[in-house]
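Participant: Handing over entry_27.txt, compact mmCIF, C-alpha atoms (C1' of nucleotides).
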```
# COMPACT_ATOMS: atom_id res chain seq x y z
CA MET A 1 76.71 128.83 128.23
CA ALA A 2 73.51 129.29 130.15
CA GLU A 3 71.04 128.79 127.30
CA SER A 4 71.21 125.44 125.57
CA ALA A 5 70.10 126.54 122.11
CA GLU A 6 72.15 129.71 122.00
CA ILE A 7 73.93 130.01 118.68
CA VAL A 8 76.03 133.11 118.49
CA GLU A 9 79.17 133.14 120.59
CA SER A 10 80.87 136.23 119.15
CA GLU A 11 80.63 138.72 116.35
CA GLU A 12 83.23 136.84 114.38
CA SER A 13 81.71 133.41 114.71
CA CYS A 14 78.32 134.87 113.85
CA ALA A 15 79.69 136.29 110.61
CA ALA A 16 81.46 133.01 109.89
CA LEU A 17 78.26 131.06 110.52
CA ARG A 18 76.35 133.26 108.11
CA SER A 19 79.00 132.92 105.44
CA ILE A 20 79.06 129.13 105.79
CA LEU A 21 75.27 128.85 105.75
CA SER A 22 75.00 130.97 102.64
CA ARG A 23 77.85 129.01 101.09
CA VAL A 24 76.17 125.65 101.49
CA GLY A 25 72.88 127.32 100.61
CA GLU A 26 74.19 128.09 97.13
CA LYS A 27 72.34 126.26 94.42
CA TRP A 28 74.87 123.56 93.59
CA ALA A 29 76.97 123.38 96.75
CA PRO A 30 75.20 120.52 98.55
CA VAL A 31 75.07 118.20 95.55
CA VAL A 32 78.68 118.90 94.63
CA MET A 33 79.80 118.01 98.16
CA THR A 34 77.63 114.90 98.12
CA GLU A 35 79.27 113.78 94.87
CA LEU A 36 82.66 113.92 96.58
CA VAL A 37 81.73 112.02 99.71
CA THR A 38 82.67 108.57 98.47
CA GLU A 39 85.76 109.43 96.43
CA PRO A 40 87.59 112.32 94.73
CA ARG A 41 86.31 113.18 91.29
CA ARG A 42 87.54 115.02 88.21
CA PHE A 43 85.99 118.11 86.69
CA ASN A 44 84.17 116.60 83.74
CA GLU A 45 83.20 113.60 85.81
CA LEU A 46 81.36 115.99 88.14
CA ARG A 47 79.97 117.87 85.16
CA ARG A 48 78.44 114.69 83.75
CA ARG A 49 77.09 113.47 87.07
CA LEU A 50 75.59 116.88 87.92
CA ALA A 51 74.11 117.62 84.51
CA PRO A 52 72.55 120.02 83.64
CA ILE A 53 75.02 122.16 85.61
CA THR A 54 76.97 124.58 83.42
CA GLN A 55 80.77 124.69 83.37
CA ARG A 56 80.70 128.18 84.73
CA MET A 57 78.57 127.30 87.75
CA LEU A 58 80.54 124.14 88.46
CA THR A 59 83.77 126.13 88.46
CA ALA A 60 82.27 128.86 90.62
CA THR A 61 80.84 126.36 93.11
CA LEU A 62 84.12 124.45 93.37
CA ARG A 63 86.10 127.67 93.88
CA GLY A 64 83.71 128.82 96.56
CA LEU A 65 83.84 125.55 98.47
CA GLU A 66 87.61 125.49 98.12
CA SER A 67 87.93 129.04 99.44
CA ASP A 68 86.13 127.96 102.61
CA GLY A 69 88.35 124.94 103.07
CA LEU A 70 85.59 122.43 102.37
CA ILE A 71 87.17 120.78 99.33
CA THR A 72 90.64 120.42 97.88
CA ARG A 73 91.74 120.94 94.30
CA THR A 74 94.66 118.84 93.13
CA VAL A 75 96.30 119.43 89.75
CA HIS A 76 98.24 116.57 88.18
CA PRO A 77 100.61 118.17 85.62
CA THR A 78 99.97 115.61 82.92
CA VAL A 79 98.96 115.87 79.28
CA PRO A 80 96.06 116.23 79.04
CA PRO A 81 95.70 118.10 82.34
CA GLN A 82 93.98 116.28 85.15
CA VAL A 83 92.36 117.92 88.17
CA GLU A 84 90.88 116.10 91.11
CA TYR A 85 88.49 117.51 93.69
CA GLY A 86 88.00 115.95 97.09
CA LEU A 87 86.38 116.68 100.44
CA THR A 88 88.59 117.91 103.25
CA ASP A 89 88.09 116.48 106.74
CA ALA A 90 86.31 119.68 107.69
CA GLY A 91 84.07 119.37 104.65
CA ARG A 92 83.25 115.79 105.54
CA GLU A 93 82.30 116.83 109.06
CA LEU A 94 80.12 119.65 107.80
CA LEU A 95 78.41 117.32 105.33
CA ALA A 96 77.56 114.98 108.17
CA ILE A 97 75.93 117.88 110.01
CA LEU A 98 74.04 118.86 106.86
CA SER A 99 72.70 115.35 106.61
CA GLY A 100 71.03 116.17 109.93
CA VAL A 101 69.35 119.09 108.20
CA ALA A 102 68.33 116.74 105.40
CA ARG A 103 66.71 114.38 107.90
CA TRP A 104 64.93 117.34 109.51
CA THR A 105 63.70 118.39 106.07
CA ASP A 106 62.35 114.92 105.34
CA ARG A 107 60.56 114.78 108.67
CA HIS A 108 58.92 118.15 108.03
CA LEU A 109 58.13 117.97 104.32
CA ASP A 110 54.41 118.09 105.03
CA ALA A 111 54.65 121.05 107.40
CA ILE A 112 56.78 122.95 104.88
CA HIS A 113 54.30 122.38 102.08
CA THR A 114 51.37 123.30 104.29
CA ALA A 115 53.04 126.53 105.42
CA ARG A 116 53.84 127.46 101.82
CA GLN A 117 50.29 126.82 100.71
CA ALA A 118 49.01 129.00 103.57
CA SER A 119 51.30 131.89 102.64
CA ARG A 120 50.22 131.46 99.02
CA GLY A 121 46.70 132.37 100.00
CA ARG A 122 47.57 135.82 101.26
CA MET B 1 71.09 103.20 102.82
CA ALA B 2 74.46 101.74 102.01
CA GLU B 3 76.54 104.92 102.36
CA SER B 4 76.43 106.51 105.78
CA ALA B 5 76.96 110.10 104.70
CA GLU B 6 74.52 110.04 101.82
CA ILE B 7 72.34 113.13 101.88
CA VAL B 8 69.84 113.07 99.08
CA GLU B 9 67.00 110.61 99.39
CA SER B 10 64.76 111.80 96.55
CA GLU B 11 64.33 114.60 94.10
CA GLU B 12 61.76 116.25 96.30
CA SER B 13 63.73 116.11 99.51
CA CYS B 14 66.79 117.38 97.64
CA ALA B 15 64.86 120.43 96.47
CA ALA B 16 63.44 120.95 99.94
CA LEU B 17 66.91 120.70 101.48
CA ARG B 18 68.23 123.33 99.11
CA SER B 19 65.34 125.65 99.80
CA ILE B 20 65.77 125.31 103.56
CA LEU B 21 69.53 125.79 103.37
CA SER B 22 69.16 128.93 101.30
CA ARG B 23 66.40 130.13 103.60
CA VAL B 24 68.52 129.92 106.74
CA GLY B 25 71.46 131.18 104.68
CA GLU B 26 69.68 134.49 104.16
CA LYS B 27 71.40 137.38 105.80
CA TRP B 28 69.16 137.90 108.85
CA ALA B 29 67.46 134.51 109.19
CA PRO B 30 69.78 132.91 111.78
CA VAL B 31 69.85 135.90 114.13
CA VAL B 32 66.10 136.39 113.90
CA MET B 33 65.51 132.77 114.85
CA THR B 34 68.01 133.03 117.67
CA GLU B 35 66.18 136.06 119.04
CA LEU B 36 63.00 133.98 119.29
CA VAL B 37 64.54 130.96 121.01
CA THR B 38 63.89 132.06 124.59
CA GLU B 39 60.49 133.71 124.13
CA PRO B 40 58.14 135.19 121.51
CA ARG B 41 58.88 138.77 120.56
CA ARG B 42 57.10 141.68 118.95
CA PHE B 43 58.07 143.41 115.74
CA ASN B 44 59.72 146.54 117.07
CA GLU B 45 61.28 144.58 119.88
CA LEU B 46 63.06 142.49 117.26
CA ARG B 47 63.86 145.62 115.29
CA ARG B 48 65.61 147.19 118.27
CA ARG B 49 67.49 144.05 119.26
CA LEU B 50 68.63 143.38 115.70
CA ALA B 51 69.63 146.95 114.86
CA PRO B 52 70.77 148.02 112.31
CA ILE B 53 68.30 145.80 110.44
CA THR B 54 65.80 147.76 108.33
CA GLN B 55 62.05 147.37 108.65
CA ARG B 56 61.84 146.03 105.15
CA MET B 57 64.38 143.28 105.71
CA LEU B 58 62.92 142.31 109.07
CA THR B 59 59.49 141.96 107.47
CA ALA B 60 60.87 140.00 104.53
CA THR B 61 62.87 137.67 106.77
CA LEU B 62 59.91 137.03 109.07
CA ARG B 63 57.61 136.34 106.11
CA GLY B 64 60.13 133.93 104.62
CA LEU B 65 60.62 132.00 107.84
CA GLU B 66 56.87 131.90 108.38
CA SER B 67 56.29 130.57 104.87
CA ASP B 68 58.57 127.62 105.65
CA GLY B 69 56.80 126.89 108.91
CA LEU B 70 59.76 127.90 111.08
CA ILE B 71 58.06 130.72 112.97
CA THR B 72 54.50 131.73 113.78
CA ARG B 73 52.91 135.16 113.47
CA THR B 74 50.16 135.96 115.95
CA VAL B 75 48.09 139.12 115.62
CA HIS B 76 46.33 140.43 118.71
CA PRO B 77 43.51 142.68 117.48
CA THR B 78 44.14 145.43 119.99
CA VAL B 79 44.69 149.17 119.70
CA PRO B 80 47.48 149.76 119.02
CA PRO B 81 47.99 146.53 117.04
CA GLN B 82 50.23 143.92 118.60
CA VAL B 83 51.97 141.14 116.69
CA GLU B 84 54.01 138.40 118.24
CA TYR B 85 56.48 136.15 116.49
CA GLY B 86 57.56 132.83 117.92
CA LEU B 87 59.47 129.71 116.92
CA THR B 88 57.49 126.64 115.91
CA ASP B 89 58.57 123.25 117.20
CA ALA B 90 60.04 122.53 113.79
CA GLY B 91 61.94 125.83 113.89
CA ARG B 92 63.28 125.03 117.32
CA GLU B 93 64.50 121.63 116.13
CA LEU B 94 66.15 123.17 113.08
CA LEU B 95 67.81 125.82 115.23
CA ALA B 96 69.29 123.10 117.39
CA ILE B 97 70.78 121.48 114.27
CA LEU B 98 72.11 124.85 113.14
CA SER B 99 73.84 125.24 116.47
CA GLY B 100 75.78 122.16 115.37
CA VAL B 101 76.86 124.09 112.31
CA ALA B 102 77.81 127.00 114.58
CA ARG B 103 80.01 124.71 116.67
CA TRP B 104 81.58 123.34 113.49
CA THR B 105 82.26 126.91 112.35
CA ASP B 106 83.91 127.80 115.65
CA ARG B 107 86.11 124.71 115.52
CA HIS B 108 87.22 125.54 111.97
CA LEU B 109 87.56 129.34 112.13
CA ASP B 110 91.30 129.09 111.57
CA ALA B 111 90.98 126.71 108.63
CA ILE B 112 88.38 128.95 107.02
CA HIS B 113 90.53 132.03 107.33
CA THR B 114 93.58 130.19 106.03
CA ALA B 115 91.69 128.87 103.03
CA ARG B 116 90.35 132.32 102.24
CA GLN B 117 93.78 133.87 102.46
CA ALA B 118 95.12 131.22 100.11
CA SER B 119 92.39 131.82 97.56
CA ARG B 120 93.05 135.56 97.88
CA GLY B 121 96.51 135.06 96.50
CA ARG B 122 95.31 133.62 93.20
C1' DC C 1 90.48 118.20 79.39
C1' DC C 2 89.74 122.13 82.18
C1' DG C 3 88.62 125.87 82.39
C1' DT C 4 87.83 131.94 81.30
C1' DA C 5 85.33 135.71 79.22
C1' DT C 6 81.27 137.96 78.05
C1' DC C 7 76.49 139.11 78.15
C1' DC C 8 72.25 139.34 80.45
C1' DC C 9 68.31 138.59 83.69
C1' DC C 10 66.56 138.60 88.17
C1' DG C 11 66.46 138.22 93.15
C1' DT C 12 68.62 139.93 97.42
C1' DG C 13 69.16 143.46 100.34
C1' DG C 14 69.72 148.51 101.52
C1' DA C 15 67.61 153.61 102.04
C1' DT C 16 63.85 156.35 102.38
C1' DA C 17 59.11 157.78 102.58
C1' DC C 18 54.40 156.81 103.53
C1' DT C 19 49.99 154.24 105.92
C1' DG C 20 46.19 151.52 108.86
C1' DC D 1 52.92 149.86 116.55
C1' DA D 2 53.56 147.31 112.55
C1' DG D 3 54.04 147.40 108.58
C1' DT D 4 53.89 148.83 102.54
C1' DA D 5 55.73 151.22 98.56
C1' DT D 6 59.29 152.72 95.74
C1' DC D 7 63.76 153.07 94.04
C1' DC D 8 68.31 151.37 93.38
C1' DA D 9 73.00 148.86 93.60
C1' DC D 10 75.06 144.55 93.61
C1' DG D 11 75.98 139.86 92.91
C1' DG D 12 74.11 135.03 91.83
C1' DG D 13 73.38 132.29 88.28
C1' DG D 14 72.28 130.84 83.30
C1' DA D 15 73.81 130.62 77.94
C1' DT D 16 77.21 130.84 74.86
C1' DA D 17 81.75 131.34 72.91
C1' DC D 18 86.61 131.09 73.22
C1' DG D 19 91.56 129.81 75.34
C1' DG D 20 95.73 126.94 77.38
```
What's the structure tokens form of this structure?
Facilitator:
Amino acid sequence: MAESAEIVESEESCAALRSILSRVGEKWAPVVMTELVTEPRRFNELRRRLAPITQRMLTATLRGLESDGLITRTVHPTVPPQVEYGLTDAGRELLAILSGVARWTDRHLDAIHTARQASRGR
Amino acid sequence: MAESAEIVESEESCAALRSILSRVGEKWAPVVMTELVTEPRRFNELRRRLAPITQRMLTATLRGLESDGLITRTVHPTVPPQVEYGLTDAGRELLAILSGVARWTDRHLDAIHTARQASRGR
DNA sequence: CCGTATCCCCGTGGATACTG
DNA sequence: CAGTATCCACGGGGATACGG
């Protein structure tokens, strides 16, 4: 790699990057992952902690994250049914990277607001 | 901070994080920023390099990135008009963080594909 | 308890045509 | 050259109701 900040390495990895960025850019994805960072949690546990999320959106978010290998879904065949969601190692790594984005965001809160105000004016 | 991987620091920074993640998760945002990493570029220059992007989407993407303070838009009042887009320092920093996400994506390409195949089956 | 199914609104993103 | 304007298809995302 000649350029240090070069991002795209191939067509495939570019597409994968976009899909991951838009995945974690979904409305509830970051908070759901954050909820799972300390320990696995059950569906309604997440639902309560993430209120006012709807069941539908919680399900959709969990399925999406699962389909990208970021979280696991474990069904315990008990009565009543019990399902646990947890971060995969990959998901934990990605979350650590995202916390870098969070720190960037905090550092630039002022600049973001200023830029938005400016574009308001036009 | 007790937990090392904790992301959200406040309501405001949480909202800002989400908005930034969804911004860079937009379809053309990452490639547009990457195009500007080495030097500022003009509108049609970007249009050619990012083909088959449409004018409309290029404009929309540039406006969005500008409104978050990630790129600058400089108009040179010449005939014909000349407009240059460039990364801000903040944008350059963010791009560096995103390259971390790109590396993560490359490392986990296999896992992503496997997870997607698995969720296909259901 | 853990979801699906249905309905509906709205924003994203594409094609095409037109303008300062 | 650097955009706007218009139209349209699609999917994200919310409310509510029902099922295993």
Participant: Please determine the contact residues of chain B with respect to chain D at a cut-off of 9 Å, counting all atoms listed in the file, and supply them as a PDB file with C-alpha atoms, keeping the file's coordinate frame.
Facilitator:
```
ATOM      1  CA  PHE B  43      58.070 143.410 115.740  1.00  0.00           C
ATOM      2  CA  ASN B  44      59.720 146.540 117.070  1.00  0.00           C
ATOM      3  CA  GLN B  55      62.050 147.370 108.650  1.00  0.00           C
ATOM      4  CA  ARG B  56      61.840 146.030 105.150  1.00  0.00           C
ATOM      5  CA  THR B  59      59.490 141.960 107.470  1.00  0.00           C
ATOM      6  CA  VAL B  79      44.690 149.170 119.700  1.00  0.00           C
ATOM      7  CA  PRO B  80      47.480 149.760 119.020  1.00  0.00           C
ATOM      8  CA  PRO B  81      47.990 146.530 117.040  1.00  0.00           C
ATOM      9  CA  GLN B  82      50.230 143.920 118.600  1.00  0.00           C
ATOM     10  CA  VAL B  83      51.970 141.140 116.690  1.00  0.00           C
TER      11      VAL B  83
END
```
Participant: Chain C near chain A within 12 Å: what's each residue's closest atom pair and its distance in Å to one decimal, counting only C-alpha atoms (C1' of nucleotides), ordered by chain then ascending residue number, as a tab-separated table?
Facilitator:
```
residue	atom	partner	partner_atom	distance
C:DC1	C1'	A:Pro80	CA	5.9
C:DC2	C1'	A:Phe43	CA	7.1
C:DG3	C1'	A:Thr59	CA	7.8
C:DT4	C1'	A:Arg56	CA	8.8
C:DA5	C1'	A:Arg56	CA	10.4
C:DT6	C1'	A:Arg56	CA	11.9
```
Participant: Just to be explicit: take each residue in the selection above, keep C-alpha atoms (C1' of nucleotides), and write the result as an mmCIF file, in the frame of the given file.
Facilitator:
```cif
data_model
loop_
_atom_site.group_PDB
_atom_site.id
_atom_site.type_symbol
_atom_site.label_atom_id
_atom_site.label_comp_id
_atom_site.auth_asym_id
_atom_site.auth_seq_id
_atom_site.Cartn_x
_atom_site.Cartn_y
_atom_site.Cartn_z
ATOM 1 C "C1'" DC C 1 90.480 118.200 79.390
ATOM 2 C "C1'" DC C 2 89.740 122.130 82.180
ATOM 3 C "C1'" DG C 3 88.620 125.870 82.390
ATOM 4 C "C1'" DT C 4 87.830 131.940 81.300
ATOM 5 C "C1'" DA C 5 85.330 135.710 79.220
ATOM 6 C "C1'" DT C 6 81.270 137.960 78.050
#
```
Participant: Please determine, counting all atoms listed in the file, which residue among B:Glu39, B:Ala102, B:Thr74, B:Gly86 has the shortest atom-to-atom distance to chain A.
Facilitator: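 Using all atoms listed in the file, the shortest distance to chain A belongs to B:Ala102.
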Participant: At what distance in Å, to one decimal, does CA of Glu12 (chain A) lie from CA of Met33 (chain A)?
Facilitator: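 One can read the CA of Met33 (chain A) to CA of Glu12 (chain A) distance as 25.1 Å.
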Participant: For a quick test of understanding: name the residues of chain A lying within 7 Å of chain B when counting only C-alpha atoms, and present them as a PyMOL selection string.
Facilitator: chain A and resi 5-7+13+16-18+21-22+24-27+34+67-69+94+96-97+99-102+104-106+111-112+115-116+119
Participant: What gap, in Å, lies between CA of Pro40 (chain B) and CA of Tyr85 (chain B)?
Facilitator: 5.4 Å
Participant: In Å to one decimal, how far is C1' of DG13 (chain C) from CA of Thr54 (chain B)?
Facilitator: 9.7 Å
